[in-house]
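Asker: My questions all concern the structure below.
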Amino acid sequence: MIHLPLDQAHALVSTILSRAGFSSGHARTLTDTIVAGERDGCTSHGLYRTLVCVHSLKLGKVDGAAEPQVHDAAPSIVRVDAKGGYSLLAFEAGLPHLIEKASRNGIAAMAINHCVHFSALWPEVEQLTAAGLVGLACNPSHAWVAPAGGREPLLGTNPFAFGWPRPGGQPYVFDFATSAVARGEIELRRRAGQTIPEGWGVDADGNPTTSPDAVVNGGAMLTFGSHKGSALSTMIELIAGPLIGDLTSQESLQHDAGAGASPYHGELVLALDPARFINGDPAPHMARAETLLQAFASSGARLPSQRRYEARARSQQQGIQIPEQLHAELIALRDDPDARVVPG
């Protein structure tokens, strides 16, 4: 393992993305999110994703210089056309409008269209909780996942994130794929020559497998919770696909045409303002919510995101560690933007 202080990790990723051809805005937002993933202990969405971003750019599957266009669609709706760029700069462009609409109307939605997406959603909902808002976000991906009872990939990993602001502390946030595990977890096991647990995927014949290669090559990932995860995943396909005029995971995979790039689709973000929902002073009701959340610790349970916050504090003090192979690939890209480094 190679140790990196966070500032060095940030400089390394930023340099790679800039030299690869991403604009300053895209390089900045991508770097912040990639380093945040590694910082928070989520290696599947951490520095490894730098390789994915550069790979997608070289294939022409993402526009590294796209300038998002914001549209005021309705009193409670803002639309942002990412113009074929990564979603993060589009989210940044639309966020002030989403916050203003939610504060004025109590609830607001942001639809991000025509974006390329790879990232976790917690950095986005955390920005909403920082504004005192309750946040939800979801998106399709590529059709890698078989619905419950099937063996053909029809659904994406289709992540869903929720954030609740907490006074004087870290927000309550969960962010999970509706597949049994994020795609990146399988990709990392495959890169490392490791097996995967049963229940993560099936082979081309629909049989359970512990081989990441069998899942990736002709097989399928599985949803969490059988039919329950399958139903939630299908809901996300609909509300973050056709509802906002964008692609389903099947259509995203067809658009990819075997290139192995990041998914291309849309994203739906919702923001709710407790001060507008609650009749009167919201403080007593937020205090009741805090009583519920604080009761988790005394019961022996762990709140979602607790381990991420612990990893965040540790990384800010001690830096991060990444595999030597990944570090070598990153250095190769930094020194030669044309170096052939293929993720997976």
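Each chain of the structure tokens is named A, B, ... in the order shown, its residues numbered from 1; ligands are numbered from 1 in display order.
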Write out as number ranges by chain all residues of stretch 156-283 of chain A that backbone DSSP assigns to helix (DSSP H, G or I).
Answerer: A: 183-191, 212-216, 227-239, 242-244, 249-256, 274-277, 283
Asker: Got a sec: who's within 9 Å of A:Tyr48, counting only C-alpha atoms, leaving out chain neighbours fewer than 6 positions off, as a count of residues only?
Answerer: 8
Asker: Contacts of A:Pro304 at 10 Å or less, counting only C-alpha atoms, minus same-chain residues fewer than 2 places along, as a PyMOL selection string?
Answerer: chain A and resi 172-176+301-302+306-309
Asker: Would you save the residues of that selection, restricted to N, CA and C atoms, as a compact mmCIF listing (two decimals), in the first residue's frame?
Answerer:
```
# COMPACT_ATOMS: atom_id res chain seq x y z
N TYR A 172 -27.64 12.96 9.18
CA TYR A 172 -28.00 11.55 8.98
C TYR A 172 -28.09 11.31 7.48
N VAL A 173 -27.23 10.46 6.95
CA VAL A 173 -27.17 10.23 5.51
C VAL A 173 -27.06 8.73 5.25
N PHE A 174 -27.84 8.25 4.32
CA PHE A 174 -27.54 6.92 3.77
C PHE A 174 -27.47 7.02 2.27
N ASP A 175 -26.67 6.16 1.69
CA ASP A 175 -26.43 6.15 0.24
C ASP A 175 -26.09 4.72 -0.13
N PHE A 176 -26.99 4.08 -0.87
CA PHE A 176 -26.70 2.69 -1.23
C PHE A 176 -27.22 2.37 -2.61
N ALA A 301 -27.12 0.08 18.16
CA ALA A 301 -27.16 0.12 16.71
C ALA A 301 -26.24 1.21 16.18
N ARG A 302 -25.86 1.10 14.93
CA ARG A 302 -25.01 2.08 14.27
C ARG A 302 -25.82 2.80 13.21
N GLN A 306 -22.07 6.44 9.81
CA GLN A 306 -21.19 6.62 10.97
C GLN A 306 -19.76 6.20 10.66
N ARG A 307 -19.61 5.07 9.97
CA ARG A 307 -18.26 4.61 9.62
C ARG A 307 -17.59 5.55 8.62
N ARG A 308 -18.40 6.16 7.73
CA ARG A 308 -17.82 7.11 6.79
C ARG A 308 -17.28 8.33 7.52
N TYR A 309 -18.03 8.82 8.49
CA TYR A 309 -17.57 9.98 9.23
C TYR A 309 -16.32 9.65 10.05
```
Asker: Would you mind listing what lies within 7 Å of stretch 130-142 of chain A as JSON, numbers by chain, with only C-alpha atoms counted and same-chain residues fewer than 5 positions away left out?
Answerer: {"A": [121, 125, 156, 157, 158, 159, 160, 161, 162, 163, 164, 165, 236, 237, 240, 248, 249, 250, 252, 253, 263, 265, 266, 267, 268, 269, 270, 271, 272, 273, 274]}
Asker: Between atom CA of A:Pro75 and atom CA of A:Glu100, what is the spacing in Å?
Answerer: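 Between atom CA of A:Glu100 and atom CA of A:Pro75 the gap is 10.1 Å.
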Asker: Residues of stretch 199-278 of chain A that approach stretch 49-66 of chain A to 8 Å or less, counting only C-alpha atoms: could you list each one with the shortest pair of atoms and its distance in Å to one decimal, rows by chain and increasing residue number, as a Markdown table?
Answerer:
```
| residue | atom | partner | partner_atom | distance |
| --- | --- | --- | --- | --- |
| A:Asp256 | CA | A:Lys61 | CA | 7.5 |
| A:Ala259 | CA | A:Leu59 | CA | 7.2 |
| A:Gly260 | CA | A:Ser56 | CA | 7.8 |
| A:Ala261 | CA | A:Ser56 | CA | 4.7 |
| A:Ser262 | CA | A:Ser56 | CA | 6.3 |
```
Asker: Any idea what the distance is between atom CA of A:Leu4 and atom CA of A:Glu310?
Answerer: 18.0 Å
Asker: A:Ile196, A:Lys228, A:Ser211, A:Gly169: which is nearest A:Glu290, counting only C-alpha atoms?
Answerer: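 When distances to A:Glu290 are compared using only C-alpha atoms, the smallest one comes from A:Gly169.
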Asker: What gap, in Å, lies between atom CA of A:Gly94 and atom CA of A:Asp81?
Answerer: 9.6 Å
Asker: Report as a PyMOL selection string all protein, DNA and RNA residues lying within 6 Å of A:Ala27, evaluated on only C-alpha atoms, omitting residues in the same chain fewer than 3 positions from it.
Answerer: chain A and resi 14+17-18+22-24+30-31
Asker: Contacts of A:Ile186 at 10 Å or less, counting only C-alpha atoms, minus same-chain residues fewer than 5 places along, as an MDAnalysis selection string?
Answerer: chainID A and resid 44 181 191:192 194:197 200:201 211:213 215:216 221 344
Asker: Residues as selected, N, CA and C atoms, written as a PDB file, in the first residue's frame, can you do that?
Answerer:
```
ATOM      1  N   SER A  44     -14.352   1.956  -3.699  1.00  0.00           N
ATOM      2  CA  SER A  44     -14.968   1.698  -4.999  1.00  0.00           C
ATOM      3  C   SER A  44     -15.343   2.991  -5.709  1.00  0.00           C
ATOM      4  N   VAL A 181     -24.527  -4.941  -4.182  1.00  0.00           N
ATOM      5  CA  VAL A 181     -23.276  -4.239  -3.916  1.00  0.00           C
ATOM      6  C   VAL A 181     -23.033  -3.281  -5.068  1.00  0.00           C
ATOM      7  N   ARG A 191      -9.988  -6.773 -10.262  1.00  0.00           N
ATOM      8  CA  ARG A 191      -8.639  -6.253 -10.457  1.00  0.00           C
ATOM      9  C   ARG A 191      -7.641  -6.931  -9.530  1.00  0.00           C
ATOM     10  N   ALA A 192      -8.097  -7.242  -8.309  1.00  0.00           N
ATOM     11  CA  ALA A 192      -7.210  -7.835  -7.310  1.00  0.00           C
ATOM     12  C   ALA A 192      -7.138  -9.354  -7.403  1.00  0.00           C
ATOM     13  N   GLN A 194      -9.551 -11.466  -6.726  1.00  0.00           N
ATOM     14  CA  GLN A 194     -10.261 -12.034  -5.582  1.00  0.00           C
ATOM     15  C   GLN A 194     -11.643 -12.533  -6.003  1.00  0.00           C
ATOM     16  N   THR A 195     -12.211 -13.406  -5.177  1.00  0.00           N
ATOM     17  CA  THR A 195     -13.574 -13.861  -5.398  1.00  0.00           C
ATOM     18  C   THR A 195     -14.556 -12.871  -4.772  1.00  0.00           C
ATOM     19  N   ILE A 196     -15.831 -13.075  -5.058  1.00  0.00           N
ATOM     20  CA  ILE A 196     -16.889 -12.269  -4.458  1.00  0.00           C
ATOM     21  C   ILE A 196     -17.811 -13.183  -3.658  1.00  0.00           C
ATOM     22  N   PRO A 197     -18.503 -12.656  -2.662  1.00  0.00           N
ATOM     23  CA  PRO A 197     -19.433 -13.498  -1.898  1.00  0.00           C
ATOM     24  C   PRO A 197     -20.619 -13.939  -2.760  1.00  0.00           C
ATOM     25  N   TRP A 200     -23.994 -11.833  -4.695  1.00  0.00           N
ATOM     26  CA  TRP A 200     -23.682 -10.599  -5.417  1.00  0.00           C
ATOM     27  C   TRP A 200     -24.057 -10.703  -6.891  1.00  0.00           C
ATOM     28  N   GLY A 201     -23.976 -11.920  -7.447  1.00  0.00           N
ATOM     29  CA  GLY A 201     -24.245 -12.044  -8.866  1.00  0.00           C
ATOM     30  C   GLY A 201     -24.423 -13.486  -9.306  1.00  0.00           C
ATOM     31  N   SER A 211     -17.291 -15.775  -8.853  1.00  0.00           N
ATOM     32  CA  SER A 211     -16.306 -15.266  -9.808  1.00  0.00           C
ATOM     33  C   SER A 211     -16.738 -13.902 -10.331  1.00  0.00           C
ATOM     34  N   PRO A 212     -15.967 -12.845 -10.061  1.00  0.00           N
ATOM     35  CA  PRO A 212     -16.331 -11.541 -10.637  1.00  0.00           C
ATOM     36  C   PRO A 212     -16.313 -11.553 -12.152  1.00  0.00           C
ATOM     37  N   ASP A 213     -15.408 -12.354 -12.761  1.00  0.00           N
ATOM     38  CA  ASP A 213     -15.365 -12.442 -14.222  1.00  0.00           C
ATOM     39  C   ASP A 213     -16.656 -13.025 -14.780  1.00  0.00           C
ATOM     40  N   VAL A 215     -19.613 -12.789 -13.502  1.00  0.00           N
ATOM     41  CA  VAL A 215     -20.674 -11.783 -13.390  1.00  0.00           C
ATOM     42  C   VAL A 215     -20.527 -10.736 -14.480  1.00  0.00           C
ATOM     43  N   VAL A 216     -19.301 -10.281 -14.698  1.00  0.00           N
ATOM     44  CA  VAL A 216     -19.049  -9.196 -15.651  1.00  0.00           C
ATOM     45  C   VAL A 216     -19.188  -9.681 -17.089  1.00  0.00           C
ATOM     46  N   MET A 221     -25.444  -8.920 -12.055  1.00  0.00           N
ATOM     47  CA  MET A 221     -25.492  -8.625 -10.638  1.00  0.00           C
ATOM     48  C   MET A 221     -26.907  -8.883 -10.133  1.00  0.00           C
ATOM     49  N   GLY A 344     -10.565  -2.025 -14.739  1.00  0.00           N
ATOM     50  CA  GLY A 344     -11.201  -3.321 -14.819  1.00  0.00           C
ATOM     51  C   GLY A 344     -10.230  -4.420 -15.167  1.00  0.00           C
TER      52      GLY A 344
END
```
Asker: Name the residues of stretch 235-337 of chain A that fall into strand (DSSP E or B) according to DSSP on the backbone, using the chain letters and numbers of this document, as a list of chain:residue names.
Answerer: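 So, restricting stretch 235-337 of chain A to strand (DSSP E or B), we get A:Tyr264, A:His265, A:Gly266, A:Glu267, A:Leu268, A:Val269, A:Leu270, A:Ala271, A:Leu272, A:Ile320, A:Gln321, A:Ile322.
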Asker: Kindly save the residues from that selection, with C-alpha atoms included, as a short mmCIF file (atom, residue, chain, number, x, y, z; two decimals), in the first residue's frame.
Answerer:
```
data_model
loop_
_atom_site.label_atom_id
_atom_site.label_comp_id
_atom_site.auth_asym_id
_atom_site.auth_seq_id
_atom_site.Cartn_x
_atom_site.Cartn_y
_atom_site.Cartn_z
CA TYR A 264 -25.01 8.10 -19.53
CA HIS A 265 -28.44 9.07 -18.20
CA GLY A 266 -30.18 11.53 -15.86
CA GLU A 267 -30.43 12.21 -12.15
CA LEU A 268 -33.32 13.33 -9.95
CA VAL A 269 -32.65 15.38 -6.80
CA LEU A 270 -35.39 16.41 -4.33
CA ALA A 271 -35.09 19.02 -1.58
CA LEU A 272 -37.56 19.59 1.27
CA ILE A 320 -5.12 7.59 2.86
CA GLN A 321 -3.59 4.36 1.59
CA ILE A 322 -4.10 2.98 -1.91
#
```
Asker: Between A:Ala146, A:Ala36, A:Ala214, A:Ala109, which is the closest to A:Pro123 once you count only C-alpha atoms?
Answerer: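 Closest candidate: A:Ala36.
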